[in-house]
Structure formats: structure tokens, C-alpha cells
Amino acid sequence: MTLPDLATPAVLGGLALGYALGSIPFGLILTRFAGLGDVRAIGSGNIGATNVLRTGRKGLAAATLLGDALKGTAAVLIARQLGEGPALAAGLGAFLGHLFPAWLGFKGGKGVATFIGVLLAFSPPALTAFAAIWLGLAFALKYSSLAALAASAATPLVL
């Protein structure tokens with residue numbers, strides 16, 4: 001994509017769509033519906049699956065992971081109908097929407113699950129590599145965020 005293509009209505013629409021979908025706080029919504037209150041009041045204060053897991057509800061954490069991933073996938077697949085530029089913008093928008101949701105004071109999650117969903121839409125082999133690196137390091141080091149950073153750094157090499 002060339003620089004002038006960045007300001008097309010389709011690309012800007014993809015970015016906006018991605019942001020709107022990405023900013024849906026599944027962790028917050030699911031924990032509230034489960035009667036657990038605001039997940040931001042515990043652990044890291046984030047809205048993602050890792051913090052939801054701190055509630056002791058593995059099923060709720062899994063549902064949060066799935067919801068956060070699929071919002072990234074959905075954004076890319078919907079925007080892809082307009083082309084690859086809008087799809088890329090939607091993936092970025094979904095990631096940024098999860099990190100900085102406007103309705104939560106721009107304080108969201110770390111974006112790992114949403115990044116996984118975006119990778120699923122763009123490159124399942126890259127997703128497989130990311131997941132293998134992330135899970136391997138998370139189990140070995142017991143630090144999910146460090147494992148996610150290492151897997152994220154390795155993803156461009158896989159792509």
C-alpha cells in the first residue's frame with residue numbers, strides 16, 4: 001500500500017470498524033454478567049483473559065479469550081470485502097480498540113487475544129507459530145506478558 005492510499009474512505013472505514021469491534025470489552029462484560037463485578041478491580045486491572053482468569057473462573061477466561069480473538073478476526077474479514085488495505089486497517093483498529101477503548105477511559109487489555117484473532121484472519125501458519133512460541137514460553141517462564149512479547153517479536157519473521 002502506498003502512502004496516498006492510507007486516507008481513502010475504505011481504509012478509514014476499515015480502521016473505524018476495527019476500532020469499534022476491538023473496543024468491545026468482553027472481559028468486563030462477561031465478568032459483570034457472571035456477577036463478579038468489575039474485573040478491572042483485581043489483578044493487573046486489565047480487561048483481558050489473563051486478568052479474568054484471576055477470578056478463578058477458567059470458563060469465563062476462555063470465553064473472554066475467544067471473544068477478544070474473534071473481534072479481531074471479524075474486523076479483518078468484514079473489511080476484507082473492501083480490499084486488503086481496509087483489512088489491514090481493520091486489524092490495526094481492532095488491536096488499538098482493545099488497547100485503548102474510548103468508553104473505558106482508553107485503558108483496555110494488552111491485546112494478545114485480539115492480535116491472535118487478527119493473525120487468524122491474515123495467516124493461520126503465523127498464528128500457529130505465534131501460539132507455539134507464546135504457550136511454550138508462558139509455561140516455561142510463568143509470565144504470559146513476556147511470552148506474548150517474544151512471540152509478537154518472532155511473528156514478522158514467520159510472516
# chains A, B, ... in the order shown; residues from 1 in each chain; ligands from 1

call {"tool": "residues_around", "arguments": {"residues": "segment 123-140 of chain A", "least_positions_apart": "3", "cutoff": "7 Å", "atoms": "only C-alpha atoms", "output": "list in words"}}
result
Ile116, Leu119, Leu120, Tyr143, Ser144, Ala147, Ala148, Ala151, Ser152, Thr155, Val158 and Leu159 of chain A

call {"tool": "write_last_selection", "arguments": {"atoms": "N, CA, C and O atoms", "output": "PDB file, in the first residue's frame"}}
result
ATOM      1  N   ILE A 116      -4.093 -12.331  18.150  1.00  0.00           N
ATOM      2  CA  ILE A 116      -4.267 -13.714  17.691  1.00  0.00           C
ATOM      3  C   ILE A 116      -5.405 -13.790  16.674  1.00  0.00           C
ATOM      4  O   ILE A 116      -5.285 -14.455  15.645  1.00  0.00           O
ATOM      5  N   LEU A 119      -4.260 -12.338  13.402  1.00  0.00           N
ATOM      6  CA  LEU A 119      -3.390 -13.307  12.726  1.00  0.00           C
ATOM      7  C   LEU A 119      -4.194 -14.445  12.112  1.00  0.00           C
ATOM      8  O   LEU A 119      -3.868 -14.917  11.019  1.00  0.00           O
ATOM      9  N   LEU A 120      -5.225 -14.892  12.808  1.00  0.00           N
ATOM     10  CA  LEU A 120      -6.075 -15.962  12.273  1.00  0.00           C
ATOM     11  C   LEU A 120      -6.657 -15.569  10.919  1.00  0.00           C
ATOM     12  O   LEU A 120      -6.686 -16.374   9.992  1.00  0.00           O
ATOM     13  N   TYR A 143       5.313 -16.307  32.777  1.00  0.00           N
ATOM     14  CA  TYR A 143       4.989 -14.898  32.528  1.00  0.00           C
ATOM     15  C   TYR A 143       4.326 -14.789  31.162  1.00  0.00           C
ATOM     16  O   TYR A 143       5.005 -14.802  30.135  1.00  0.00           O
ATOM     17  N   SER A 144       3.007 -14.655  31.169  1.00  0.00           N
ATOM     18  CA  SER A 144       2.264 -14.579  29.919  1.00  0.00           C
ATOM     19  C   SER A 144       2.645 -13.356  29.099  1.00  0.00           C
ATOM     20  O   SER A 144       2.793 -13.437  27.876  1.00  0.00           O
ATOM     21  N   ALA A 147       6.015 -13.809  27.426  1.00  0.00           N
ATOM     22  CA  ALA A 147       5.866 -14.791  26.357  1.00  0.00           C
ATOM     23  C   ALA A 147       5.176 -14.169  25.148  1.00  0.00           C
ATOM     24  O   ALA A 147       5.562 -14.423  23.998  1.00  0.00           O
ATOM     25  N   ALA A 148       4.166 -13.343  25.387  1.00  0.00           N
ATOM     26  CA  ALA A 148       3.451 -12.690  24.293  1.00  0.00           C
ATOM     27  C   ALA A 148       4.354 -11.702  23.558  1.00  0.00           C
ATOM     28  O   ALA A 148       4.309 -11.617  22.320  1.00  0.00           O
ATOM     29  N   ALA A 151       6.738 -13.781  21.400  1.00  0.00           N
ATOM     30  CA  ALA A 151       6.012 -14.353  20.261  1.00  0.00           C
ATOM     31  C   ALA A 151       5.670 -13.271  19.247  1.00  0.00           C
ATOM     32  O   ALA A 151       5.759 -13.499  18.031  1.00  0.00           O
ATOM     33  N   SER A 152       5.302 -12.097  19.717  1.00  0.00           N
ATOM     34  CA  SER A 152       4.999 -10.980  18.815  1.00  0.00           C
ATOM     35  C   SER A 152       6.232 -10.552  18.027  1.00  0.00           C
ATOM     36  O   SER A 152       6.151 -10.235  16.845  1.00  0.00           O
ATOM     37  N   THR A 155       6.838 -13.057  15.229  1.00  0.00           N
ATOM     38  CA  THR A 155       5.816 -13.174  14.188  1.00  0.00           C
ATOM     39  C   THR A 155       6.233 -12.567  12.846  1.00  0.00           C
ATOM     40  O   THR A 155       6.007 -13.194  11.814  1.00  0.00           O
ATOM     41  N   VAL A 158       8.175 -15.035  10.927  1.00  0.00           N
ATOM     42  CA  VAL A 158       7.337 -16.110  10.401  1.00  0.00           C
ATOM     43  C   VAL A 158       6.591 -15.637   9.167  1.00  0.00           C
ATOM     44  O   VAL A 158       6.502 -16.347   8.156  1.00  0.00           O
ATOM     45  N   LEU A 159       6.071 -14.411   9.210  1.00  0.00           N
ATOM     46  CA  LEU A 159       5.341 -13.867   8.076  1.00  0.00           C
ATOM     47  C   LEU A 159       6.250 -13.685   6.869  1.00  0.00           C
ATOM     48  O   LEU A 159       5.880 -13.851   5.749  1.00  0.00           O
TER      49      LEU A 159
END

call {"tool": "residues_around", "arguments": {"residues": "segment 106-111 of chain A", "least_positions_apart": "6", "cutoff": "12 Å", "atoms": "only C-alpha atoms", "output": "JSON, numbers by chain"}}
result
{"A": [19, 22, 23, 24, 25, 26, 27, 28, 39, 40, 44, 45, 46, 47, 48, 49, 50, 51, 52, 64, 65, 67, 68, 69, 71, 72, 91, 92, 93, 94, 95, 96, 97, 98, 99, 100, 117, 118, 144, 145, 146, 148, 149, 152]}

call {"tool": "closest_residue", "arguments": {"among": "A:Pro156, A:Gly56, A:Gly43, A:Gly18", "to": "Leu77 of chain A", "atoms": "only C-alpha atoms"}}
result
A:Gly18

call {"tool": "closest_residue", "arguments": {"among": "A:Ile29, A:Ala121, A:Ala62, A:Ile42", "to": "Ala87 of chain A", "atoms": "only C-alpha atoms"}}
result
A:Ala121

call {"tool": "select_by_dssp", "arguments": {"residues": "segment 67-136 of chain A", "states": "alpha helix (DSSP H)", "output": "ChimeraX atom specification"}}
result
/A:67-79,84-99,112-122,124-136

call {"tool": "decode", "arguments": {"residues": "segment 4-34 of chain A", "atoms": "N, CA, C and O atoms", "output": "PDB file, in the first residue's frame"}}
result
ATOM      1  N   PRO A   4      -0.397   7.542  -0.213  1.00  0.00           N
ATOM      2  CA  PRO A   4      -1.673   8.204  -0.518  1.00  0.00           C
ATOM      3  C   PRO A   4      -2.896   7.313  -0.299  1.00  0.00           C
ATOM      4  O   PRO A   4      -3.980   7.807  -0.052  1.00  0.00           O
ATOM      5  N   ASP A   5      -2.722   5.993  -0.362  1.00  0.00           N
ATOM      6  CA  ASP A   5      -3.853   5.085  -0.181  1.00  0.00           C
ATOM      7  C   ASP A   5      -4.361   5.060   1.262  1.00  0.00           C
ATOM      8  O   ASP A   5      -5.433   4.545   1.530  1.00  0.00           O
ATOM      9  N   LEU A   6      -3.588   5.570   2.191  1.00  0.00           N
ATOM     10  CA  LEU A   6      -3.968   5.488   3.599  1.00  0.00           C
ATOM     11  C   LEU A   6      -5.202   6.317   3.943  1.00  0.00           C
ATOM     12  O   LEU A   6      -5.896   6.018   4.901  1.00  0.00           O
ATOM     13  N   ALA A   7      -5.463   7.343   3.196  1.00  0.00           N
ATOM     14  CA  ALA A   7      -6.567   8.244   3.534  1.00  0.00           C
ATOM     15  C   ALA A   7      -7.829   7.971   2.714  1.00  0.00           C
ATOM     16  O   ALA A   7      -8.722   8.798   2.697  1.00  0.00           O
ATOM     17  N   THR A   8      -7.926   6.807   2.084  1.00  0.00           N
ATOM     18  CA  THR A   8      -9.135   6.515   1.315  1.00  0.00           C
ATOM     19  C   THR A   8     -10.287   6.244   2.264  1.00  0.00           C
ATOM     20  O   THR A   8     -10.087   5.780   3.399  1.00  0.00           O
ATOM     21  N   PRO A   9     -11.498   6.505   1.831  1.00  0.00           N
ATOM     22  CA  PRO A   9     -12.653   6.212   2.687  1.00  0.00           C
ATOM     23  C   PRO A   9     -12.723   4.745   3.109  1.00  0.00           C
ATOM     24  O   PRO A   9     -13.093   4.446   4.236  1.00  0.00           O
ATOM     25  N   ALA A  10     -12.341   3.828   2.219  1.00  0.00           N
ATOM     26  CA  ALA A  10     -12.400   2.406   2.562  1.00  0.00           C
ATOM     27  C   ALA A  10     -11.412   2.061   3.672  1.00  0.00           C
ATOM     28  O   ALA A  10     -11.740   1.325   4.608  1.00  0.00           O
ATOM     29  N   VAL A  11     -10.194   2.593   3.595  1.00  0.00           N
ATOM     30  CA  VAL A  11      -9.184   2.324   4.631  1.00  0.00           C
ATOM     31  C   VAL A  11      -9.605   2.965   5.948  1.00  0.00           C
ATOM     32  O   VAL A  11      -9.518   2.332   7.009  1.00  0.00           O
ATOM     33  N   LEU A  12     -10.063   4.198   5.903  1.00  0.00           N
ATOM     34  CA  LEU A  12     -10.518   4.864   7.125  1.00  0.00           C
ATOM     35  C   LEU A  12     -11.736   4.152   7.718  1.00  0.00           C
ATOM     36  O   LEU A  12     -11.853   4.019   8.943  1.00  0.00           O
ATOM     37  N   GLY A  13     -12.612   3.668   6.839  1.00  0.00           N
ATOM     38  CA  GLY A  13     -13.761   2.894   7.309  1.00  0.00           C
ATOM     39  C   GLY A  13     -13.334   1.589   7.959  1.00  0.00           C
ATOM     40  O   GLY A  13     -13.883   1.179   8.982  1.00  0.00           O
ATOM     41  N   GLY A  14     -12.335   0.919   7.361  1.00  0.00           N
ATOM     42  CA  GLY A  14     -11.804  -0.302   7.957  1.00  0.00           C
ATOM     43  C   GLY A  14     -11.210  -0.046   9.330  1.00  0.00           C
ATOM     44  O   GLY A  14     -11.423  -0.816  10.274  1.00  0.00           O
ATOM     45  N   LEU A  15     -10.472   1.054   9.447  1.00  0.00           N
ATOM     46  CA  LEU A  15      -9.884   1.422  10.736  1.00  0.00           C
ATOM     47  C   LEU A  15     -10.975   1.680  11.776  1.00  0.00           C
ATOM     48  O   LEU A  15     -10.899   1.194  12.909  1.00  0.00           O
ATOM     49  N   ALA A  16     -12.007   2.425  11.386  1.00  0.00           N
ATOM     50  CA  ALA A  16     -13.108   2.729  12.308  1.00  0.00           C
ATOM     51  C   ALA A  16     -13.878   1.465  12.701  1.00  0.00           C
ATOM     52  O   ALA A  16     -14.208   1.278  13.878  1.00  0.00           O
ATOM     53  N   LEU A  17     -14.144   0.607  11.727  1.00  0.00           N
ATOM     54  CA  LEU A  17     -14.832  -0.652  12.021  1.00  0.00           C
ATOM     55  C   LEU A  17     -14.012  -1.490  12.987  1.00  0.00           C
ATOM     56  O   LEU A  17     -14.534  -2.015  13.982  1.00  0.00           O
ATOM     57  N   GLY A  18     -12.718  -1.610  12.695  1.00  0.00           N
ATOM     58  CA  GLY A  18     -11.843  -2.376  13.572  1.00  0.00           C
ATOM     59  C   GLY A  18     -11.814  -1.826  14.979  1.00  0.00           C
ATOM     60  O   GLY A  18     -11.894  -2.571  15.955  1.00  0.00           O
ATOM     61  N   TYR A  19     -11.713  -0.508  15.100  1.00  0.00           N
ATOM     62  CA  TYR A  19     -11.686   0.110  16.422  1.00  0.00           C
ATOM     63  C   TYR A  19     -12.985  -0.167  17.176  1.00  0.00           C
ATOM     64  O   TYR A  19     -12.965  -0.524  18.360  1.00  0.00           O
ATOM     65  N   ALA A  20     -14.104  -0.022  16.495  1.00  0.00           N
ATOM     66  CA  ALA A  20     -15.401  -0.242  17.151  1.00  0.00           C
ATOM     67  C   ALA A  20     -15.517  -1.679  17.653  1.00  0.00           C
ATOM     68  O   ALA A  20     -15.925  -1.914  18.795  1.00  0.00           O
ATOM     69  N   LEU A  21     -15.156  -2.638  16.823  1.00  0.00           N
ATOM     70  CA  LEU A  21     -15.226  -4.039  17.254  1.00  0.00           C
ATOM     71  C   LEU A  21     -14.179  -4.342  18.319  1.00  0.00           C
ATOM     72  O   LEU A  21     -14.457  -5.028  19.305  1.00  0.00           O
ATOM     73  N   GLY A  22     -12.976  -3.827  18.124  1.00  0.00           N
ATOM     74  CA  GLY A  22     -11.895  -4.099  19.060  1.00  0.00           C
ATOM     75  C   GLY A  22     -12.129  -3.532  20.441  1.00  0.00           C
ATOM     76  O   GLY A  22     -11.605  -4.039  21.432  1.00  0.00           O
ATOM     77  N   SER A  23     -12.906  -2.486  20.531  1.00  0.00           N
ATOM     78  CA  SER A  23     -13.116  -1.856  21.838  1.00  0.00           C
ATOM     79  C   SER A  23     -14.235  -2.494  22.653  1.00  0.00           C
ATOM     80  O   SER A  23     -14.526  -2.035  23.760  1.00  0.00           O
ATOM     81  N   ILE A  24     -14.832  -3.566  22.143  1.00  0.00           N
ATOM     82  CA  ILE A  24     -15.831  -4.292  22.948  1.00  0.00           C
ATOM     83  C   ILE A  24     -15.086  -5.004  24.079  1.00  0.00           C
ATOM     84  O   ILE A  24     -14.266  -5.884  23.832  1.00  0.00           O
ATOM     85  N   PRO A  25     -15.348  -4.662  25.335  1.00  0.00           N
ATOM     86  CA  PRO A  25     -14.599  -5.229  26.463  1.00  0.00           C
ATOM     87  C   PRO A  25     -15.208  -6.547  26.969  1.00  0.00           C
ATOM     88  O   PRO A  25     -15.898  -6.587  27.993  1.00  0.00           O
ATOM     89  N   PHE A  26     -14.935  -7.625  26.254  1.00  0.00           N
ATOM     90  CA  PHE A  26     -15.553  -8.904  26.613  1.00  0.00           C
ATOM     91  C   PHE A  26     -15.261  -9.322  28.044  1.00  0.00           C
ATOM     92  O   PHE A  26     -16.137  -9.849  28.735  1.00  0.00           O
ATOM     93  N   GLY A  27     -14.039  -9.109  28.528  1.00  0.00           N
ATOM     94  CA  GLY A  27     -13.713  -9.488  29.903  1.00  0.00           C
ATOM     95  C   GLY A  27     -14.584  -8.766  30.913  1.00  0.00           C
ATOM     96  O   GLY A  27     -15.100  -9.360  31.863  1.00  0.00           O
ATOM     97  N   LEU A  28     -14.772  -7.486  30.700  1.00  0.00           N
ATOM     98  CA  LEU A  28     -15.605  -6.684  31.599  1.00  0.00           C
ATOM     99  C   LEU A  28     -17.067  -7.110  31.511  1.00  0.00           C
ATOM    100  O   LEU A  28     -17.737  -7.310  32.533  1.00  0.00           O
ATOM    101  N   ILE A  29     -17.556  -7.281  30.302  1.00  0.00           N
ATOM    102  CA  ILE A  29     -18.960  -7.666  30.104  1.00  0.00           C
ATOM    103  C   ILE A  29     -19.240  -9.029  30.713  1.00  0.00           C
ATOM    104  O   ILE A  29     -20.218  -9.205  31.459  1.00  0.00           O
ATOM    105  N   LEU A  30     -18.389 -10.006  30.434  1.00  0.00           N
ATOM    106  CA  LEU A  30     -18.631 -11.372  30.913  1.00  0.00           C
ATOM    107  C   LEU A  30     -18.527 -11.480  32.433  1.00  0.00           C
ATOM    108  O   LEU A  30     -19.318 -12.185  33.055  1.00  0.00           O
ATOM    109  N   THR A  31     -17.557 -10.791  33.028  1.00  0.00           N
ATOM    110  CA  THR A  31     -17.449 -10.873  34.493  1.00  0.00           C
ATOM    111  C   THR A  31     -18.617 -10.187  35.177  1.00  0.00           C
ATOM    112  O   THR A  31     -19.089 -10.657  36.218  1.00  0.00           O
ATOM    113  N   ARG A  32     -19.104  -9.116  34.580  1.00  0.00           N
ATOM    114  CA  ARG A  32     -20.287  -8.449  35.166  1.00  0.00           C
ATOM    115  C   ARG A  32     -21.520  -9.339  35.047  1.00  0.00           C
ATOM    116  O   ARG A  32     -22.296  -9.450  35.998  1.00  0.00           O
ATOM    117  N   PHE A  33     -21.718  -9.952  33.874  1.00  0.00           N
ATOM    118  CA  PHE A  33     -22.863 -10.851  33.710  1.00  0.00           C
ATOM    119  C   PHE A  33     -22.776 -12.059  34.637  1.00  0.00           C
ATOM    120  O   PHE A  33     -23.792 -12.590  35.059  1.00  0.00           O
ATOM    121  N   ALA A  34     -21.562 -12.478  34.982  1.00  0.00           N
ATOM    122  CA  ALA A  34     -21.369 -13.613  35.887  1.00  0.00           C
ATOM    123  C   ALA A  34     -21.514 -13.208  37.350  1.00  0.00           C
ATOM    124  O   ALA A  34     -21.402 -14.042  38.241  1.00  0.00           O
TER     125      ALA A  34
END
